[in-house]
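In what follows, a structure is listed as structure tokens, so that the remarks can point back to it.
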Amino acid sequence: MTDMTFSCACGTVTGTIADVGPSHGDYVYCHCTDCQAVPKLLGAEERILEQAGGTALYQTRCARVSFQSGKDRLAGVHMTDKPTLRWYASCCDTPLFNTYANGKLPYTTILLANCNAEGRAALGEPRGHLHLADAPGDTDGLKPMSMAALLRSFFKRLVKDVFSGDRRRNPLFDPSTLQPIATPRRLTSEERAQLDT
Ligand SMILES: [Zn+2]
Ligand SMILES: [Zn+2]
């Protein structure tokens, strides 16, 4: 079993994703406009965005994430009126995780730009690229993947997280209320629109 470590750009927020690999989670790229807007908002495009505005992501069971340091520096933002919650390190504005708005729908997706090379190597090849229609630039050679395919894998993990009780062992959410440990802000439509230009 390989554990993958992560760190924000300045090294204040650090931790581990336990037991990573193709049979434990999904390694994908997302090119949706929200994923592109998060690093723009935080000034982290150079660190996060790869070919055709893609963000390398790994989605896994919610209780596999643990923090070694800096958990109190986590902050959250909603890019739209939708539930997806974007977590970042407020010490250096590094985008770190995507989750649902609360812990009731358990999944944690880590942005792989923050992870160690050995851990990333254990993930194998990406399953594919989500939302290629939203990608800027050249998408030649990038394998498309549908959200439906990702949701099927997510649903299997969700069932395990709910029935094992792991849903309440997610360090990003309060175990009793399942609310986020840091109260997120939500961008106004004007703030969001500025990031699309
Ligand atoms: Zn930092
Ligand atoms: Zn996305």
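FYI, nothing fancy with the structure tokens labels: chains A, B, ... in order, residues from 1 per chain, ligands from 1 as they appear.
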
**Message:** ligand 2: which residues are within 7 Å, counting only C-alpha atoms and all ligand atoms? Reply as a PyMOL selection string.
**Reply:** chain A and resi 30-35

Atoms kept (C-alpha atoms) for selection, written as a PDB file, in the first residue's frame:
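out.pdb was written with the following content:
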```pdb
ATOM      1  CA  CYS A  30     -11.009  18.160 -15.025  1.00  0.00           C
ATOM      2  CA  HIS A  31     -11.239  21.036 -17.486  1.00  0.00           C
ATOM      3  CA  CYS A  32     -14.530  22.576 -16.271  1.00  0.00           C
ATOM      4  CA  THR A  33     -14.718  26.351 -15.954  1.00  0.00           C
ATOM      5  CA  ASP A  34     -14.986  26.171 -12.145  1.00  0.00           C
ATOM      6  CA  CYS A  35     -11.804  24.099 -11.827  1.00  0.00           C
TER       7      CYS A  35
END
```

**Near-ligand residues for ligand 1, threshold 10 Å, only C-alpha atoms and all ligand atoms, as a PyMOL selection string** = chain A and resi 7-14+70+73-74+88-95

Can those selected residues be exported to a file as a CSV table (one decimal), in the first residue's frame so that it contains C-alpha atoms?
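And here's result_29.csv as it stands now:
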```
chain,number,residue,atom,x,y,z
A,7,SER,CA,1.7,20.1,1.0
A,8,CYS,CA,0.6,23.6,0.2
A,9,ALA,CA,3.1,25.8,-1.6
A,10,CYS,CA,4.6,27.3,1.6
A,11,GLY,CA,4.6,24.0,3.5
A,12,THR,CA,2.3,25.0,6.4
A,13,VAL,CA,-0.5,22.6,5.5
A,14,THR,CA,0.7,19.0,5.2
A,70,GLY,CA,-1.7,23.4,9.4
A,73,ARG,CA,-5.2,27.3,8.0
A,74,LEU,CA,-7.8,25.6,5.7
A,88,TYR,CA,-7.5,25.9,0.0
A,89,ALA,CA,-4.6,26.8,2.3
A,90,SER,CA,-5.1,30.3,3.4
A,91,CYS,CA,-1.4,30.7,4.4
A,92,CYS,CA,-0.4,30.8,0.7
A,93,ASP,CA,-3.6,30.5,-1.3
A,94,THR,CA,-2.9,27.0,-2.6
A,95,PRO,CA,-6.1,25.1,-3.8
```

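Comparing the minimum interatomic distances between Asn98 in chain A and each of A:Phe67, A:Tyr29, A:Tyr58, A:Phe163, counting only C-alpha atoms, we find that A:Tyr58 sits nearest.
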
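When only C-alpha atoms are used to measure the gap to Ala101 in chain A, the shortest distance among A:Val159, A:Leu85, A:Cys115, A:Met1 belongs to A:Leu85.
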
Select from range 53-109 of chain A every residue with an atom at most 12 Å from any atom of range 16-25 of chain A, then for each give the shortest pair of atoms and their distance in Å to one decimal, using only C-alpha atoms, rows by chain and rising number, as JSON lines.
```
{"residue": "A:Leu57", "atom": "CA", "partner": "A:Gly25", "partner_atom": "CA", "distance": 10.1}
{"residue": "A:Tyr58", "atom": "CA", "partner": "A:Gly25", "partner_atom": "CA", "distance": 6.6}
{"residue": "A:Gln59", "atom": "CA", "partner": "A:Gly25", "partner_atom": "CA", "distance": 5.4}
{"residue": "A:Thr60", "atom": "CA", "partner": "A:Gly25", "partner_atom": "CA", "distance": 4.4}
{"residue": "A:Arg61", "atom": "CA", "partner": "A:Gly25", "partner_atom": "CA", "distance": 7.3}
{"residue": "A:Cys62", "atom": "CA", "partner": "A:Ile17", "partner_atom": "CA", "distance": 9.5}
{"residue": "A:Ala63", "atom": "CA", "partner": "A:Ala18", "partner_atom": "CA", "distance": 8.8}
{"residue": "A:Arg64", "atom": "CA", "partner": "A:Ala18", "partner_atom": "CA", "distance": 5.0}
{"residue": "A:Val65", "atom": "CA", "partner": "A:Ile17", "partner_atom": "CA", "distance": 4.7}
{"residue": "A:Ser66", "atom": "CA", "partner": "A:Thr16", "partner_atom": "CA", "distance": 5.4}
{"residue": "A:Phe67", "atom": "CA", "partner": "A:Thr16", "partner_atom": "CA", "distance": 6.4}
{"residue": "A:Gln68", "atom": "CA", "partner": "A:Thr16", "partner_atom": "CA", "distance": 7.6}
{"residue": "A:Ser69", "atom": "CA", "partner": "A:Thr16", "partner_atom": "CA", "distance": 10.4}
{"residue": "A:Phe97", "atom": "CA", "partner": "A:Ile17", "partner_atom": "CA", "distance": 11.6}
{"residue": "A:Tyr107", "atom": "CA", "partner": "A:Gly25", "partner_atom": "CA", "distance": 10.1}
{"residue": "A:Thr108", "atom": "CA", "partner": "A:Gly25", "partner_atom": "CA", "distance": 9.9}
{"residue": "A:Thr109", "atom": "CA", "partner": "A:Gly25", "partner_atom": "CA", "distance": 9.3}
```

Kindly save the residues from that selection, with C-alpha atoms included, as a PDB file, in the first residue's frame.
```
ATOM      1  CA  LEU A  57      -7.326  15.212  -9.483  1.00  0.00           C
ATOM      2  CA  TYR A  58      -7.583  12.073  -7.363  1.00  0.00           C
ATOM      3  CA  GLN A  59     -10.924  11.259  -5.755  1.00  0.00           C
ATOM      4  CA  THR A  60     -11.013   8.729  -2.950  1.00  0.00           C
ATOM      5  CA  ARG A  61     -12.702   7.604   0.283  1.00  0.00           C
ATOM      6  CA  CYS A  62     -13.245  10.545   2.603  1.00  0.00           C
ATOM      7  CA  ALA A  63     -11.544   9.062   5.694  1.00  0.00           C
ATOM      8  CA  ARG A  64      -8.239   8.365   3.906  1.00  0.00           C
ATOM      9  CA  VAL A  65      -7.166  11.988   4.326  1.00  0.00           C
ATOM     10  CA  SER A  66      -5.218  12.994   7.420  1.00  0.00           C
ATOM     11  CA  PHE A  67      -3.369  16.162   8.371  1.00  0.00           C
ATOM     12  CA  GLN A  68       0.092  16.426   9.925  1.00  0.00           C
ATOM     13  CA  SER A  69       0.106  20.214  10.205  1.00  0.00           C
ATOM     14  CA  PHE A  97      -9.328  19.742  -2.168  1.00  0.00           C
ATOM     15  CA  TYR A 107     -15.936  12.254  -1.178  1.00  0.00           C
ATOM     16  CA  THR A 108     -12.604  14.024  -1.100  1.00  0.00           C
ATOM     17  CA  THR A 109     -10.804  15.016  -4.261  1.00  0.00           C
TER      18      THR A 109
END
```

**Selection near Leu150 in chain A, 9 Å with only C-alpha atoms, sequence-local residues under 5 positions removed, as a ChimeraX atom specification** = /A:26,28,130,145,155

Take the residues from that selection and write them out as a PDB file, in the first residue's frame, keeping N, CA and C atoms.
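Heads up, here's the output in out-v3.pdb:
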```
ATOM      1  N   ASP A  26     -10.111   7.432  -8.075  1.00  0.00           N
ATOM      2  CA  ASP A  26     -10.087   7.791  -9.489  1.00  0.00           C
ATOM      3  C   ASP A  26      -9.138   8.944  -9.744  1.00  0.00           C
ATOM      4  N   VAL A  28      -8.171  11.496 -12.419  1.00  0.00           N
ATOM      5  CA  VAL A  28      -8.763  12.109 -13.615  1.00  0.00           C
ATOM      6  C   VAL A  28      -8.209  13.530 -13.780  1.00  0.00           C
ATOM      7  N   LEU A 130     -12.308  15.066 -17.911  1.00  0.00           N
ATOM      8  CA  LEU A 130     -13.696  15.514 -17.776  1.00  0.00           C
ATOM      9  C   LEU A 130     -13.850  16.909 -18.392  1.00  0.00           C
ATOM     10  N   MET A 145     -13.578  11.670 -20.801  1.00  0.00           N
ATOM     11  CA  MET A 145     -14.246  10.811 -19.819  1.00  0.00           C
ATOM     12  C   MET A 145     -15.534  11.514 -19.417  1.00  0.00           C
ATOM     13  N   PHE A 155     -20.171   6.384  -6.477  1.00  0.00           N
ATOM     14  CA  PHE A 155     -21.307   5.814  -5.763  1.00  0.00           C
ATOM     15  C   PHE A 155     -20.895   4.576  -4.962  1.00  0.00           C
TER      16      PHE A 155
END
```
